[in-house]
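Have a look at the structure below before the remarks.
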Amino acid sequence: METNTINETTAISDKPSIKEVLTNKPFMVLFAAQFAENIGRAVSGLAIEFLIFELTGSPLLMGMLAIIWLLPYVIIAPFAGVYTDRFDQRKIMLYSNIISCIAAIGFVVVYVLKDILTVITITQQASYGITILVTTINYTWLLVPLFILCFINSSSAAFFFPARNAYTRLIVKKKNLLVANSIGSTVFQIATIVGYLLAGFLAAKSYLLSFSFNASTFLISGLLIGGIFFIGKKPPKVHRERSQNIRQEMKSITKDIVVGYRTIREHPKITYMLLIFSMITFTFGAINVLFIVILQGEMRLDQTMYGVMQALMGASGIITAIILMSFGKIKRKILLLNVAFLLATVAMYLFATVRNKWAMMGIMFSFGIIIVLINIPSSTLIQETIPYEKQGRVFGTQQLVQGIAQLVGMGIVAIIANYVLPMYVLLGASGICTIVIIIGLIYSNKRNLMSSDYQLEETIESNSEKFDELDSMQQVFDGTKSADIKYGDGD
């Protein structure tokens, strides 16, 4: 009886708890900070995209903007992962936020000076005896600082996300990681809804309002992150030999980056997840480049409708995250990821061909579901599988590989978008996506990667249950034997 009671208590204590996560003050403050930050990023991101397309109407420049947003994840992500494992993640998040706030103020300054930075040239041209005045507008001096600020803003984010994911593992129990990631995703999706609705409204009024609002959200986020220093757990100090010069430091960083790659290779499920995720990301580069081109250029949708569609994507993401949260634990994450990748392929075909406003809303709603079905299981798989002291490097490697895939995809699309209709570009990307998911399904089935992620735990639990059954049988047997002895004695 005592053994059964202990097992029942252990089972209850090992069960994921939403209440434990919601009452975890450092975790909730961290995601409150990110909530404010995500709203600001949504508002400024939409404002920059619409401003540049409004001024130039160039798909090539939209592709360049997308590449600049993503480039830091390729250049900086490996270093961010290494330093995440070496230093206090709270400080990394705080410094990252301060840099983003400075960049946000820079957007305000550049927009205020936009008339000065825009070069207008008027020339005379004679044609058939008639003099014509030709006006040329050069936005180079306006676009260059905007692109530089986007790069700085994205660079700070490249440091923030590995630090946040690793610190989450430190302050949240392993059993509650899926719940925590689901709550984090819900917070992100709510911020997406609020952010893009505000983004559409503010951009329609004034881009200056958008950039000013963005700066204020980073200020709020920074104050909240500062509060974690008082209520959050301090990461364990890493003892390592101090580098004597830059060459030695770079050698040390390279060694740590290699550790991240090797750690991933030691875990087949994470290796598969990263490869297939990166290939899908490569094909989705077409959507990132052509999204505004299709919505504003082909469908003639204004900023407000763009905000509504992004809000729909956020709403479906919230619903999906809440459903995953209710499960508490997902045993077959690779299976779920394969389903999500399959849905993403279908959604891409629809995005390539459909130009009806209401149907596009449905596609955006499905994208919200797909993104959550990919992000939550993949992050949880890494957090549950990889030791805490290596998680920064693994998340940094994940950002690097996916960043390269998306960067190459967007670069190719940006080059050919001026010569090929968006529909054909998207159909080509959809075809590649189809090939990738078919190969992925065959490979993951052959390697048994879609099996349970908790086989060892389930084996131990099963053995424990068998032991309890044997123990109960032994007790019955002992009782029967005792009764037989008594019966014999009675005779």
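The way I read the labels, and the way they are meant: chains A, B, ... in the order of the structure tokens, residue 1 as the first residue of every chain, and ligand 1 as the first ligand shown, with later ones counted on from there.
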Would you kindly return, as a list in words, each protein, DNA or RNA residue with an atom no farther than 8 Å from any atom of A:Phe31, considering only C-alpha atoms and excluding same-chain residues fewer than 4 positions away?
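Listing them by chain and then by number gives Phe27, Phe35, Gly184 and Val187 of chain A.
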If you keep C-alpha atoms, can you produce a file of those selected residues as a PDB file, in the first residue's frame?
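The resulting file, out30.pdb, is shown below:
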ATOM      1  CA  PHE A  27       8.508  33.696 -16.237  1.00  0.00           C
ATOM      2  CA  PHE A  35       4.530  41.157 -25.001  1.00  0.00           C
ATOM      3  CA  GLY A 184       4.652  32.253 -24.371  1.00  0.00           C
ATOM      4  CA  VAL A 187       1.387  36.015 -25.361  1.00  0.00           C
TER       5      VAL A 187
END
Tell me which protein, DNA and RNA residues are within 12 Å of A:Leu337, counting only C-alpha atoms, leaving out same-chain ones fewer than 2 positions away, and put them as a ChimeraX atom specification.
/A:269-270,272-274,276-277,280,330-335,339-344,369-381,437,440-441,444,449-450
Just checking: using only C-alpha atoms, which residue out of A:Ile48, A:Ile416, A:Ile386, A:Ala66 ends up closest to A:Thr263?
A:Ile386
Interatomic distance (Å, one decimal) between atom CA of A:Lys446 and atom CA of A:Val259
27.7 Å
With the cut-off set at 9 Å and counting only C-alpha atoms, tabulate each residue of stretch 200-255 of chain A with an atom at most that distance from an atom of stretch 106-113 of chain A, showing the nearest atom pair and its distance in Å to one decimal, ordered by chain and increasing number, as JSON lines.
{"residue": "A:Tyr207", "atom": "CA", "partner": "A:Tyr111", "partner_atom": "CA", "distance": 7.8}
{"residue": "A:Leu208", "atom": "CA", "partner": "A:Val108", "partner_atom": "CA", "distance": 6.3}
{"residue": "A:Leu209", "atom": "CA", "partner": "A:Val108", "partner_atom": "CA", "distance": 8.7}
{"residue": "A:Ser210", "atom": "CA", "partner": "A:Val108", "partner_atom": "CA", "distance": 8.8}
{"residue": "A:Phe211", "atom": "CA", "partner": "A:Val108", "partner_atom": "CA", "distance": 5.4}
{"residue": "A:Ser212", "atom": "CA", "partner": "A:Val108", "partner_atom": "CA", "distance": 6.1}
{"residue": "A:Ala215", "atom": "CA", "partner": "A:Val108", "partner_atom": "CA", "distance": 8.3}
Keeping N, CA and C atoms, export the residues of the selection given above as an mmCIF file, in the first residue's frame.
data_model
loop_
_atom_site.group_PDB
_atom_site.id
_atom_site.type_symbol
_atom_site.label_atom_id
_atom_site.label_comp_id
_atom_site.auth_asym_id
_atom_site.auth_seq_id
_atom_site.Cartn_x
_atom_site.Cartn_y
_atom_site.Cartn_z
ATOM 1 N N TYR A 207 3.188 57.539 -40.064
ATOM 2 C CA TYR A 207 4.287 56.635 -39.754
ATOM 3 C C TYR A 207 5.087 57.138 -38.554
ATOM 4 N N LEU A 208 5.064 58.445 -38.320
ATOM 5 C CA LEU A 208 5.754 59.001 -37.157
ATOM 6 C C LEU A 208 5.153 58.466 -35.861
ATOM 7 N N LEU A 209 3.836 58.326 -35.824
ATOM 8 C CA LEU A 209 3.166 57.749 -34.655
ATOM 9 C C LEU A 209 3.614 56.307 -34.449
ATOM 10 N N SER A 210 3.746 55.569 -35.541
ATOM 11 C CA SER A 210 4.167 54.171 -35.465
ATOM 12 C C SER A 210 5.555 54.052 -34.841
ATOM 13 N N PHE A 211 6.499 54.840 -35.322
ATOM 14 C CA PHE A 211 7.875 54.754 -34.831
ATOM 15 C C PHE A 211 8.000 55.255 -33.388
ATOM 16 N N SER A 212 7.238 56.269 -33.036
ATOM 17 C CA SER A 212 7.262 56.785 -31.661
ATOM 18 C C SER A 212 6.695 55.756 -30.691
ATOM 19 N N ALA A 215 9.234 52.969 -29.968
ATOM 20 C CA ALA A 215 10.267 53.344 -28.999
ATOM 21 C C ALA A 215 9.754 53.228 -27.570
#
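Going from atom CA of A:Ala286 to atom CA of A:Val413 covers 5.8 Å.
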By how many Å are atom CA of A:Tyr139 and atom CA of A:Leu421 apart?
25.7 Å
Excluding stretch 228-241 of chain A and its own-chain neighbours fewer than 3 positions away, which residues fall within 6 Å of it when counting only C-alpha atoms? Please give them as a PyMOL selection string.
chain A and resi 26+86+88+225
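Between A:Thr304 and the residues A:Ala47, A:Ala414, A:Ile382, A:Cys101, the shortest atom-to-atom distance, using only C-alpha atoms, involves A:Ala47.
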Between A:Arg41, A:Arg164, A:Arg90, A:Lys114, single out the one closest to A:Gly195, counting only C-alpha atoms.
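Among A:Arg41, A:Arg164, A:Arg90, A:Lys114, it is A:Arg41 that comes nearest to A:Gly195.
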Residue among A:Gln89, A:Asn288, A:Asn245, A:Ser100 lying closest to A:Ile171, counting only C-alpha atoms
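Of A:Gln89, A:Asn288, A:Asn245, A:Ser100, the one nearest A:Ile171, counting only C-alpha atoms, is A:Gln89.
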Nearest to A:Met62 among A:Phe365, A:Asp453, A:Ser182, A:Val289, with distances taken over only C-alpha atoms: which residue is it?
A:Val289
Hey, which bits of stretch 149-244 of chain A sit within 9 Å of stretch 395-398 of chain A, and for each residue what's the closest pair of atoms and how far apart in Å (one decimal), counting only C-alpha atoms, rows by chain and increasing number, as CSV?
residue,atom,partner,partner_atom,distance
A:Ala158,CA,A:Gly396,CA,8.4
A:Phe159,CA,A:Gly396,CA,8.7
A:Phe161,CA,A:Phe395,CA,8.4
A:Pro162,CA,A:Phe395,CA,5.5
A:Ala163,CA,A:Phe395,CA,8.9
A:Asn165,CA,A:Phe395,CA,7.8
A:Ala166,CA,A:Phe395,CA,8.2
Using DSSP on the backbone coordinates, identify all residues within stretch 36-196 of chain A classified as strand (DSSP E); present the result as a ChimeraX atom specification.
/A:119-127,130-138
Restricting it to N, CA and C atoms, dump the selection as a PDB file, in the first residue's frame.
ATOM      1  N   VAL A 119      16.333  63.347 -52.101  1.00  0.00           N
ATOM      2  CA  VAL A 119      16.950  64.228 -53.095  1.00  0.00           C
ATOM      3  C   VAL A 119      16.052  64.291 -54.325  1.00  0.00           C
ATOM      4  N   ILE A 120      15.575  65.503 -54.632  1.00  0.00           N
ATOM      5  CA  ILE A 120      14.709  65.712 -55.807  1.00  0.00           C
ATOM      6  C   ILE A 120      15.496  66.499 -56.852  1.00  0.00           C
ATOM      7  N   THR A 121      15.604  65.936 -58.041  1.00  0.00           N
ATOM      8  CA  THR A 121      16.355  66.575 -59.128  1.00  0.00           C
ATOM      9  C   THR A 121      15.412  66.868 -60.290  1.00  0.00           C
ATOM     10  N   ILE A 122      15.450  68.119 -60.784  1.00  0.00           N
ATOM     11  CA  ILE A 122      14.616  68.517 -61.924  1.00  0.00           C
ATOM     12  C   ILE A 122      15.543  68.855 -63.096  1.00  0.00           C
ATOM     13  N   THR A 123      15.361  68.155 -64.177  1.00  0.00           N
ATOM     14  CA  THR A 123      16.196  68.381 -65.364  1.00  0.00           C
ATOM     15  C   THR A 123      15.318  68.720 -66.562  1.00  0.00           C
ATOM     16  N   GLN A 124      15.938  69.381 -67.548  1.00  0.00           N
ATOM     17  CA  GLN A 124      15.222  69.730 -68.778  1.00  0.00           C
ATOM     18  C   GLN A 124      15.650  68.789 -69.899  1.00  0.00           C
ATOM     19  N   GLN A 125      14.656  68.316 -70.624  1.00  0.00           N
ATOM     20  CA  GLN A 125      14.927  67.455 -71.771  1.00  0.00           C
ATOM     21  C   GLN A 125      14.155  67.985 -72.971  1.00  0.00           C
ATOM     22  N   ALA A 126      14.867  68.096 -74.084  1.00  0.00           N
ATOM     23  CA  ALA A 126      14.249  68.606 -75.297  1.00  0.00           C
ATOM     24  C   ALA A 126      13.835  67.458 -76.198  1.00  0.00           C
ATOM     25  N   SER A 127      12.583  67.488 -76.662  1.00  0.00           N
ATOM     26  CA  SER A 127      12.080  66.445 -77.552  1.00  0.00           C
ATOM     27  C   SER A 127      11.190  67.092 -78.615  1.00  0.00           C
ATOM     28  N   ILE A 130      10.346  70.602 -78.097  1.00  0.00           N
ATOM     29  CA  ILE A 130       9.579  70.922 -76.887  1.00  0.00           C
ATOM     30  C   ILE A 130      10.438  70.592 -75.662  1.00  0.00           C
ATOM     31  N   THR A 131      10.523  71.550 -74.749  1.00  0.00           N
ATOM     32  CA  THR A 131      11.306  71.351 -73.522  1.00  0.00           C
ATOM     33  C   THR A 131      10.415  70.738 -72.439  1.00  0.00           C
ATOM     34  N   ILE A 132      10.886  69.634 -71.910  1.00  0.00           N
ATOM     35  CA  ILE A 132      10.119  68.910 -70.875  1.00  0.00           C
ATOM     36  C   ILE A 132      10.915  68.908 -69.569  1.00  0.00           C
ATOM     37  N   LEU A 133      10.229  69.213 -68.480  1.00  0.00           N
ATOM     38  CA  LEU A 133      10.853  69.145 -67.167  1.00  0.00           C
ATOM     39  C   LEU A 133      10.666  67.741 -66.595  1.00  0.00           C
ATOM     40  N   VAL A 134      11.760  67.096 -66.267  1.00  0.00           N
ATOM     41  CA  VAL A 134      11.738  65.728 -65.729  1.00  0.00           C
ATOM     42  C   VAL A 134      12.176  65.763 -64.265  1.00  0.00           C
ATOM     43  N   THR A 135      11.313  65.231 -63.395  1.00  0.00           N
ATOM     44  CA  THR A 135      11.593  65.216 -61.956  1.00  0.00           C
ATOM     45  C   THR A 135      12.064  63.816 -61.548  1.00  0.00           C
ATOM     46  N   THR A 136      13.230  63.758 -60.928  1.00  0.00           N
ATOM     47  CA  THR A 136      13.781  62.494 -60.444  1.00  0.00           C
ATOM     48  C   THR A 136      13.890  62.545 -58.925  1.00  0.00           C
ATOM     49  N   ILE A 137      13.331  61.524 -58.275  1.00  0.00           N
ATOM     50  CA  ILE A 137      13.372  61.464 -56.810  1.00  0.00           C
ATOM     51  C   ILE A 137      14.307  60.337 -56.394  1.00  0.00           C
ATOM     52  N   ASN A 138      15.299  60.679 -55.589  1.00  0.00           N
ATOM     53  CA  ASN A 138      16.288  59.705 -55.114  1.00  0.00           C
ATOM     54  C   ASN A 138      16.115  59.514 -53.599  1.00  0.00           C
TER      55      ASN A 138
END
Please identify which residues in stretch 82-275 of chain A DSSP calls helix (DSSP H, G or I) from the backbone, and express them as a PDB file with C-alpha atoms, in the first residue's frame.
ATOM      1  CA  VAL A  82      27.938  30.889 -27.311  1.00  0.00           C
ATOM      2  CA  TYR A  83      27.613  33.970 -25.089  1.00  0.00           C
ATOM      3  CA  THR A  84      24.183  32.828 -23.918  1.00  0.00           C
ATOM      4  CA  ASP A  85      25.841  29.747 -22.403  1.00  0.00           C
ATOM      5  CA  ARG A  86      28.725  31.767 -20.958  1.00  0.00           C
ATOM      6  CA  GLN A  89      21.060  35.559 -19.791  1.00  0.00           C
ATOM      7  CA  ARG A  90      19.232  38.345 -17.957  1.00  0.00           C
ATOM      8  CA  LYS A  91      21.996  40.820 -18.825  1.00  0.00           C
ATOM      9  CA  ILE A  92      22.018  39.699 -22.451  1.00  0.00           C
ATOM     10  CA  MET A  93      18.262  40.298 -22.712  1.00  0.00           C
ATOM     11  CA  LEU A  94      18.535  43.711 -21.025  1.00  0.00           C
ATOM     12  CA  TYR A  95      21.412  44.934 -23.235  1.00  0.00           C
ATOM     13  CA  SER A  96      19.598  43.625 -26.302  1.00  0.00           C
ATOM     14  CA  ASN A  97      16.515  45.595 -25.320  1.00  0.00           C
ATOM     15  CA  ILE A  98      18.514  48.802 -24.802  1.00  0.00           C
ATOM     16  CA  ILE A  99      20.044  48.503 -28.295  1.00  0.00           C
ATOM     17  CA  SER A 100      16.588  47.928 -29.812  1.00  0.00           C
ATOM     18  CA  CYS A 101      15.280  51.014 -28.015  1.00  0.00           C
ATOM     19  CA  ILE A 102      18.122  53.131 -29.456  1.00  0.00           C
ATOM     20  CA  ALA A 103      17.336  51.793 -32.954  1.00  0.00           C
ATOM     21  CA  ALA A 104      13.637  52.582 -32.442  1.00  0.00           C
ATOM     22  CA  ILE A 105      14.515  56.195 -31.566  1.00  0.00           C
ATOM     23  CA  GLY A 106      16.650  56.228 -34.719  1.00  0.00           C
ATOM     24  CA  PHE A 107      13.580  55.385 -36.832  1.00  0.00           C
ATOM     25  CA  VAL A 108      11.824  58.441 -35.381  1.00  0.00           C
ATOM     26  CA  VAL A 109      14.777  60.713 -36.205  1.00  0.00           C
ATOM     27  CA  VAL A 110      15.140  59.414 -39.780  1.00  0.00           C
ATOM     28  CA  TYR A 111      11.431  59.797 -40.492  1.00  0.00           C
ATOM     29  CA  VAL A 112      11.394  63.364 -39.129  1.00  0.00           C
ATOM     30  CA  LYS A 114      12.818  62.300 -44.476  1.00  0.00           C
ATOM     31  CA  ASP A 115      12.267  65.458 -46.562  1.00  0.00           C
ATOM     32  CA  ILE A 116      15.882  66.522 -46.056  1.00  0.00           C
ATOM     33  CA  LEU A 117      17.156  63.016 -46.878  1.00  0.00           C
ATOM     34  CA  THR A 140      19.003  56.541 -51.245  1.00  0.00           C
ATOM     35  CA  TRP A 141      19.883  58.740 -48.265  1.00  0.00           C
ATOM     36  CA  LEU A 142      16.541  57.886 -46.659  1.00  0.00           C
ATOM     37  CA  LEU A 143      16.643  54.139 -47.307  1.00  0.00           C
ATOM     38  CA  VAL A 144      20.262  53.531 -46.245  1.00  0.00           C
ATOM     39  CA  PRO A 145      19.815  54.687 -42.612  1.00  0.00           C
ATOM     40  CA  LEU A 146      16.490  52.817 -42.408  1.00  0.00           C
ATOM     41  CA  PHE A 147      18.198  49.613 -43.567  1.00  0.00           C
ATOM     42  CA  ILE A 148      21.080  50.144 -41.108  1.00  0.00           C
ATOM     43  CA  LEU A 149      18.648  50.648 -38.207  1.00  0.00           C
ATOM     44  CA  CYS A 150      16.723  47.508 -39.258  1.00  0.00           C
ATOM     45  CA  PHE A 151      19.988  45.574 -39.167  1.00  0.00           C
ATOM     46  CA  ILE A 152      20.822  46.885 -35.673  1.00  0.00           C
ATOM     47  CA  ASN A 153      17.315  46.122 -34.409  1.00  0.00           C
ATOM     48  CA  SER A 154      17.420  42.599 -35.780  1.00  0.00           C
ATOM     49  CA  SER A 155      20.944  42.059 -34.403  1.00  0.00           C
ATOM     50  CA  SER A 156      19.730  42.774 -30.879  1.00  0.00           C
ATOM     51  CA  ALA A 157      16.871  40.303 -31.376  1.00  0.00           C
ATOM     52  CA  ALA A 158      19.384  37.644 -32.492  1.00  0.00           C
ATOM     53  CA  PHE A 159      20.936  37.873 -29.005  1.00  0.00           C
ATOM     54  CA  PHE A 160      17.611  38.131 -27.188  1.00  0.00           C
ATOM     55  CA  PHE A 161      15.873  34.945 -28.354  1.00  0.00           C
ATOM     56  CA  PRO A 162      18.541  32.308 -27.490  1.00  0.00           C
ATOM     57  CA  ALA A 163      18.947  33.983 -24.091  1.00  0.00           C
ATOM     58  CA  ARG A 164      15.200  33.941 -23.477  1.00  0.00           C
ATOM     59  CA  ASN A 165      14.812  30.282 -24.455  1.00  0.00           C
ATOM     60  CA  ALA A 166      17.748  29.175 -22.302  1.00  0.00           C
ATOM     61  CA  TYR A 167      16.607  31.262 -19.310  1.00  0.00           C
ATOM     62  CA  THR A 168      13.105  29.812 -19.634  1.00  0.00           C
ATOM     63  CA  ARG A 169      14.605  26.342 -19.145  1.00  0.00           C
ATOM     64  CA  LEU A 170      16.320  27.609 -15.983  1.00  0.00           C
ATOM     65  CA  ILE A 171      13.212  29.083 -14.316  1.00  0.00           C
ATOM     66  CA  LYS A 174      11.084  20.403 -17.276  1.00  0.00           C
ATOM     67  CA  LYS A 175       7.590  18.918 -16.950  1.00  0.00           C
ATOM     68  CA  ASN A 176       6.060  22.389 -17.556  1.00  0.00           C
ATOM     69  CA  LEU A 177       8.089  23.393 -20.627  1.00  0.00           C
ATOM     70  CA  LEU A 178       5.335  22.682 -23.160  1.00  0.00           C
ATOM     71  CA  VAL A 179       2.865  24.629 -21.026  1.00  0.00           C
ATOM     72  CA  ALA A 180       5.340  27.511 -20.658  1.00  0.00           C
ATOM     73  CA  ASN A 181       6.063  27.615 -24.397  1.00  0.00           C
ATOM     74  CA  SER A 182       2.332  27.502 -25.130  1.00  0.00           C
ATOM     75  CA  ILE A 183       1.739  30.429 -22.787  1.00  0.00           C
ATOM     76  CA  GLY A 184       4.652  32.253 -24.371  1.00  0.00           C
ATOM     77  CA  SER A 185       3.210  31.610 -27.822  1.00  0.00           C
ATOM     78  CA  THR A 186      -0.197  32.814 -26.649  1.00  0.00           C
ATOM     79  CA  VAL A 187       1.387  36.015 -25.361  1.00  0.00           C
ATOM     80  CA  PHE A 188       3.171  36.441 -28.694  1.00  0.00           C
ATOM     81  CA  GLN A 189      -0.024  35.867 -30.685  1.00  0.00           C
ATOM     82  CA  ILE A 190      -2.000  38.315 -28.536  1.00  0.00           C
ATOM     83  CA  ALA A 191       0.786  40.829 -29.097  1.00  0.00           C
ATOM     84  CA  THR A 192       0.534  40.081 -32.824  1.00  0.00           C
ATOM     85  CA  ILE A 193      -3.195  40.812 -32.846  1.00  0.00           C
ATOM     86  CA  VAL A 194      -2.891  43.983 -30.788  1.00  0.00           C
ATOM     87  CA  GLY A 195       0.306  45.008 -32.567  1.00  0.00           C
ATOM     88  CA  TYR A 196      -0.936  44.643 -36.131  1.00  0.00           C
ATOM     89  CA  LEU A 197      -4.315  46.181 -35.424  1.00  0.00           C
ATOM     90  CA  LEU A 198      -2.512  49.129 -33.880  1.00  0.00           C
ATOM     91  CA  ALA A 199       0.037  49.032 -36.711  1.00  0.00           C
ATOM     92  CA  GLY A 200      -2.658  49.351 -39.360  1.00  0.00           C
ATOM     93  CA  PHE A 201      -4.387  52.163 -37.475  1.00  0.00           C
ATOM     94  CA  LEU A 202      -1.206  54.126 -36.685  1.00  0.00           C
ATOM     95  CA  ALA A 203       0.308  53.656 -40.162  1.00  0.00           C
ATOM     96  CA  ALA A 204      -2.895  54.950 -41.733  1.00  0.00           C
ATOM     97  CA  LYS A 205      -2.626  58.057 -39.527  1.00  0.00           C
ATOM     98  CA  TYR A 207       4.287  56.635 -39.754  1.00  0.00           C
ATOM     99  CA  LEU A 208       5.754  59.001 -37.157  1.00  0.00           C
ATOM    100  CA  LEU A 209       3.166  57.749 -34.655  1.00  0.00           C
ATOM    101  CA  SER A 210       4.167  54.171 -35.465  1.00  0.00           C
ATOM    102  CA  PHE A 211       7.875  54.754 -34.831  1.00  0.00           C
ATOM    103  CA  SER A 212       7.262  56.785 -31.661  1.00  0.00           C
ATOM    104  CA  PHE A 213       4.989  54.078 -30.262  1.00  0.00           C
ATOM    105  CA  ASN A 214       7.655  51.456 -31.032  1.00  0.00           C
ATOM    106  CA  ALA A 215      10.267  53.344 -28.999  1.00  0.00           C
ATOM    107  CA  SER A 216       7.940  53.550 -25.981  1.00  0.00           C
ATOM    108  CA  THR A 217       7.284  49.783 -25.984  1.00  0.00           C
ATOM    109  CA  PHE A 218      11.012  49.016 -25.788  1.00  0.00           C
ATOM    110  CA  LEU A 219      11.296  51.355 -22.816  1.00  0.00           C
ATOM    111  CA  ILE A 220       8.525  49.451 -20.999  1.00  0.00           C
ATOM    112  CA  SER A 221      10.047  46.096 -21.938  1.00  0.00           C
ATOM    113  CA  GLY A 222      13.456  47.149 -20.619  1.00  0.00           C
ATOM    114  CA  LEU A 223      12.007  48.137 -17.236  1.00  0.00           C
ATOM    115  CA  LEU A 224      10.273  44.758 -16.929  1.00  0.00           C
ATOM    116  CA  ILE A 225      13.428  42.830 -17.821  1.00  0.00           C
ATOM    117  CA  GLY A 226      15.283  44.864 -15.205  1.00  0.00           C
ATOM    118  CA  GLY A 227      12.748  43.622 -12.649  1.00  0.00           C
ATOM    119  CA  ILE A 228      13.777  40.005 -13.340  1.00  0.00           C
ATOM    120  CA  PHE A 229      17.144  40.743 -11.707  1.00  0.00           C
ATOM    121  CA  PHE A 230      15.303  41.118  -8.386  1.00  0.00           C
ATOM    122  CA  ILE A 231      12.855  38.197  -8.617  1.00  0.00           C
ATOM    123  CA  ILE A 246      41.168  38.427 -29.783  1.00  0.00           C
ATOM    124  CA  ARG A 247      42.688  35.492 -31.665  1.00  0.00           C
ATOM    125  CA  GLN A 248      42.409  33.249 -28.614  1.00  0.00           C
ATOM    126  CA  GLU A 249      38.842  34.427 -27.995  1.00  0.00           C
ATOM    127  CA  MET A 250      37.806  33.665 -31.586  1.00  0.00           C
ATOM    128  CA  LYS A 251      39.384  30.215 -31.297  1.00  0.00           C
ATOM    129  CA  SER A 252      37.433  29.632 -28.089  1.00  0.00           C
ATOM    130  CA  ILE A 253      34.180  30.801 -29.705  1.00  0.00           C
ATOM    131  CA  THR A 254      34.751  28.547 -32.722  1.00  0.00           C
ATOM    132  CA  LYS A 255      35.309  25.593 -30.392  1.00  0.00           C
ATOM    133  CA  ASP A 256      32.038  26.344 -28.588  1.00  0.00           C
ATOM    134  CA  ILE A 257      30.137  26.677 -31.872  1.00  0.00           C
ATOM    135  CA  VAL A 258      31.416  23.237 -32.911  1.00  0.00           C
ATOM    136  CA  VAL A 259      30.100  21.869 -29.604  1.00  0.00           C
ATOM    137  CA  GLY A 260      26.651  23.159 -30.580  1.00  0.00           C
ATOM    138  CA  TYR A 261      26.774  21.357 -33.940  1.00  0.00           C
ATOM    139  CA  ARG A 262      27.998  18.116 -32.354  1.00  0.00           C
ATOM    140  CA  THR A 263      25.300  18.273 -29.687  1.00  0.00           C
ATOM    141  CA  ILE A 264      22.628  18.505 -32.375  1.00  0.00           C
ATOM    142  CA  ARG A 265      24.129  15.592 -34.314  1.00  0.00           C
ATOM    143  CA  PRO A 268      18.584  12.380 -34.416  1.00  0.00           C
ATOM    144  CA  LYS A 269      15.169  13.938 -33.752  1.00  0.00           C
ATOM    145  CA  ILE A 270      16.621  17.423 -33.297  1.00  0.00           C
ATOM    146  CA  THR A 271      18.834  16.949 -36.367  1.00  0.00           C
ATOM    147  CA  TYR A 272      15.817  15.960 -38.457  1.00  0.00           C
ATOM    148  CA  MET A 273      13.677  18.771 -37.048  1.00  0.00           C
ATOM    149  CA  LEU A 274      16.347  21.345 -37.838  1.00  0.00           C
ATOM    150  CA  LEU A 275      16.977  20.110 -41.400  1.00  0.00           C
TER     151      LEU A 275
END
Pick from A:Lys25, A:Val401, A:Val354, A:Phe53 nearest to A:Val74, counting only C-alpha atoms
A:Val401
Hey, what's within 7 Å of A:Tyr73 if we count only C-alpha atoms and toss same-chain stuff fewer than 5 positions away? As a list of chain:residue names, please?
A:Ala158, A:Gln399, A:Leu400, A:Gly403
